[in-house]
Amino acid sequence: KLFAVYRVCVYIYMLTAAPLAARSAIALCSLAAAGRGHLGVVIRAANLTDPGDCEALCCVRKPVEFVVEQGSKGFLGQVAVLEPEVARRRRVQARLGSAIRDKARVLIAADAGAAELAVIGTVDCVALPAGKGRRAMGPELPQRLLIRNLWVAEAFRRQGIGRRLMDAAEELAAEMHIEFLSLDVLADNEPARRLYEGLGFTDLEPPPVPVPNWLRGALSLGKALAPPGVTAPEGSTEMRPM
């Protein structure tokens, strides 16, 4: 009898769970394939005064500032209930407050094939005056564009979107007459380091002797851009007139 019950259970599983698992696997594979083969991507500057752009960015960014939002639990477990406009402002403040405060130019990669704005990549660009970088003991840096928060949705990675966002940041720097880019990256983040080094970024504070990545923590990288009318010959860092 027990064997008969076991056979019935296996039969039911084959009729229900197995096809469902197969359909789920097919759906996931289709989504991944769609991400790898997708070419309709538009890079543009976000308008942080536009509610549509802000909401699209908030959908892909985690809160970086503590703000009581709609549905947050407070004292004794009380749930915050806010007016719609107040809730929208606080949602934006929690996720985009630092970008707005620092007057960052936020570049977005958008899925051109989506019916509504779908952000699949972002990067923040902050203009900084000449002076010290992240560390007080670091070198003096020229006026620069600080690159931060580079992100690409997982389904769209390894398609060159991160590189396109960085190229757009360089174009933005040229428009702002800024000739130097800087950024910080974790020393053990090998994929990000390969991307930045492939784009011409170099270590601004190289140690005099080899140091393990785990000991260095974050690295400061920089890249000098050619001024208008000047280009660098292939394989050289020197600039020459065009």
# chains A, B, ... in the order shown; residues from 1 in each chain; ligands from 1
$ residues_around --residues "A:Pro139" --least-positions-apart "5" --cutoff "10 Å" --atoms "only C-alpha atoms" --output "ChimeraX atom specification"
/A:131-134,204-205
$ residues_around --residues "stretch 185-194 of chain A" --least-positions-apart "2" --cutoff "12 Å" --atoms "only C-alpha atoms" --output "PyMOL selection string"
chain A and resi 134+146-152+157-158+162-163+166+182-183+196-204+206+211-222
$ closest_residue --among "A:Val64, A:Ile100, A:Cys54, A:Leu172" --to "A:Arg88" --atoms "only C-alpha atoms"
A:Cys54
$ closest_atom_pairs --of "stretch 103-192 of chain A" --to "stretch 47-53 of chain A" --cutoff "10 Å" --atoms "only C-alpha atoms" --output "JSON lines"
{"residue": "A:Lys103", "atom": "CA", "partner": "A:Leu48", "partner_atom": "CA", "distance": 9.8}
{"residue": "A:Ala104", "atom": "CA", "partner": "A:Leu48", "partner_atom": "CA", "distance": 9.5}
{"residue": "A:Arg105", "atom": "CA", "partner": "A:Asn47", "partner_atom": "CA", "distance": 8.6}
{"residue": "A:Val106", "atom": "CA", "partner": "A:Asn47", "partner_atom": "CA", "distance": 8.0}
{"residue": "A:Leu107", "atom": "CA", "partner": "A:Asn47", "partner_atom": "CA", "distance": 9.2}
{"residue": "A:Ile108", "atom": "CA", "partner": "A:Asp53", "partner_atom": "CA", "distance": 9.4}
{"residue": "A:Glu116", "atom": "CA", "partner": "A:Gly52", "partner_atom": "CA", "distance": 9.4}
{"residue": "A:Leu117", "atom": "CA", "partner": "A:Asp53", "partner_atom": "CA", "distance": 7.7}
{"residue": "A:Ala118", "atom": "CA", "partner": "A:Asp53", "partner_atom": "CA", "distance": 9.4}
{"residue": "A:Val119", "atom": "CA", "partner": "A:Asp53", "partner_atom": "CA", "distance": 8.9}
$ write_last_selection --atoms "N, CA, C and O atoms" --output "compact mmCIF listing (two decimals), in the first residue's frame"
# COMPACT_ATOMS: atom_id res chain seq x y z
N LYS A 103 24.25 68.45 -6.57
CA LYS A 103 24.04 68.96 -7.93
C LYS A 103 24.63 68.01 -8.98
O LYS A 103 25.27 68.43 -9.96
N ALA A 104 24.43 66.73 -8.77
CA ALA A 104 24.95 65.72 -9.69
C ALA A 104 24.15 65.72 -10.98
O ALA A 104 22.95 65.97 -10.99
N ARG A 105 24.85 65.44 -12.07
CA ARG A 105 24.19 65.16 -13.35
C ARG A 105 24.07 63.64 -13.43
O ARG A 105 25.08 62.93 -13.48
N VAL A 106 22.86 63.15 -13.41
CA VAL A 106 22.62 61.71 -13.41
C VAL A 106 22.36 61.26 -14.84
O VAL A 106 21.42 61.74 -15.49
N LEU A 107 23.19 60.37 -15.33
CA LEU A 107 23.00 59.80 -16.67
C LEU A 107 22.30 58.45 -16.52
O LEU A 107 22.62 57.67 -15.62
N ILE A 108 21.36 58.19 -17.40
CA ILE A 108 20.61 56.94 -17.33
C ILE A 108 20.70 56.20 -18.67
O ILE A 108 20.78 56.82 -19.73
N GLU A 116 6.94 52.06 -20.86
CA GLU A 116 7.21 53.15 -19.95
C GLU A 116 8.71 53.22 -19.70
O GLU A 116 9.45 52.27 -19.98
N LEU A 117 9.17 54.36 -19.14
CA LEU A 117 10.59 54.54 -18.88
C LEU A 117 11.09 53.43 -17.96
O LEU A 117 10.61 53.27 -16.84
N ALA A 118 12.05 52.65 -18.43
CA ALA A 118 12.64 51.57 -17.65
C ALA A 118 14.15 51.81 -17.60
O ALA A 118 14.84 51.67 -18.61
N VAL A 119 14.64 52.20 -16.44
CA VAL A 119 16.07 52.48 -16.26
C VAL A 119 16.81 51.17 -16.07
O VAL A 119 16.47 50.38 -15.18
$ select_by_dssp --residues "stretch 108-226 of chain A" --states "strand (DSSP E or B)" --output "ChimeraX atom specification"
/A:108-111,119-128,131-132,140-141,144-152,180-186,202-203,218-224
$ closest_residue --among "A:Val42, A:Val123, A:Leu141, A:Ala153" --to "A:Cys59" --atoms "only C-alpha atoms"
A:Ala153
$ select_by_dssp --residues "stretch 35-240 of chain A" --states "alpha helix (DSSP H)" --output "ChimeraX atom specification"
/A:35-37,51-58,84-101,161-175,190-198,213-216
$ atom_distance --atom1 "atom CA of A:Ala155" --atom2 "atom CA of A:Ala169"
22.3 Å
$ atom_distance --atom1 "atom CA of A:Glu140" --atom2 "atom CA of A:Ala174"
21.1 Å
$ atom_distance --atom1 "atom CA of A:Gly113" --atom2 "atom CA of A:Ala87"
29.3 Å
$ closest_residue --among "A:Val81, A:Ala115, A:Ala46, A:Ala56" --to "A:Ala99" --atoms "only C-alpha atoms"
A:Ala46
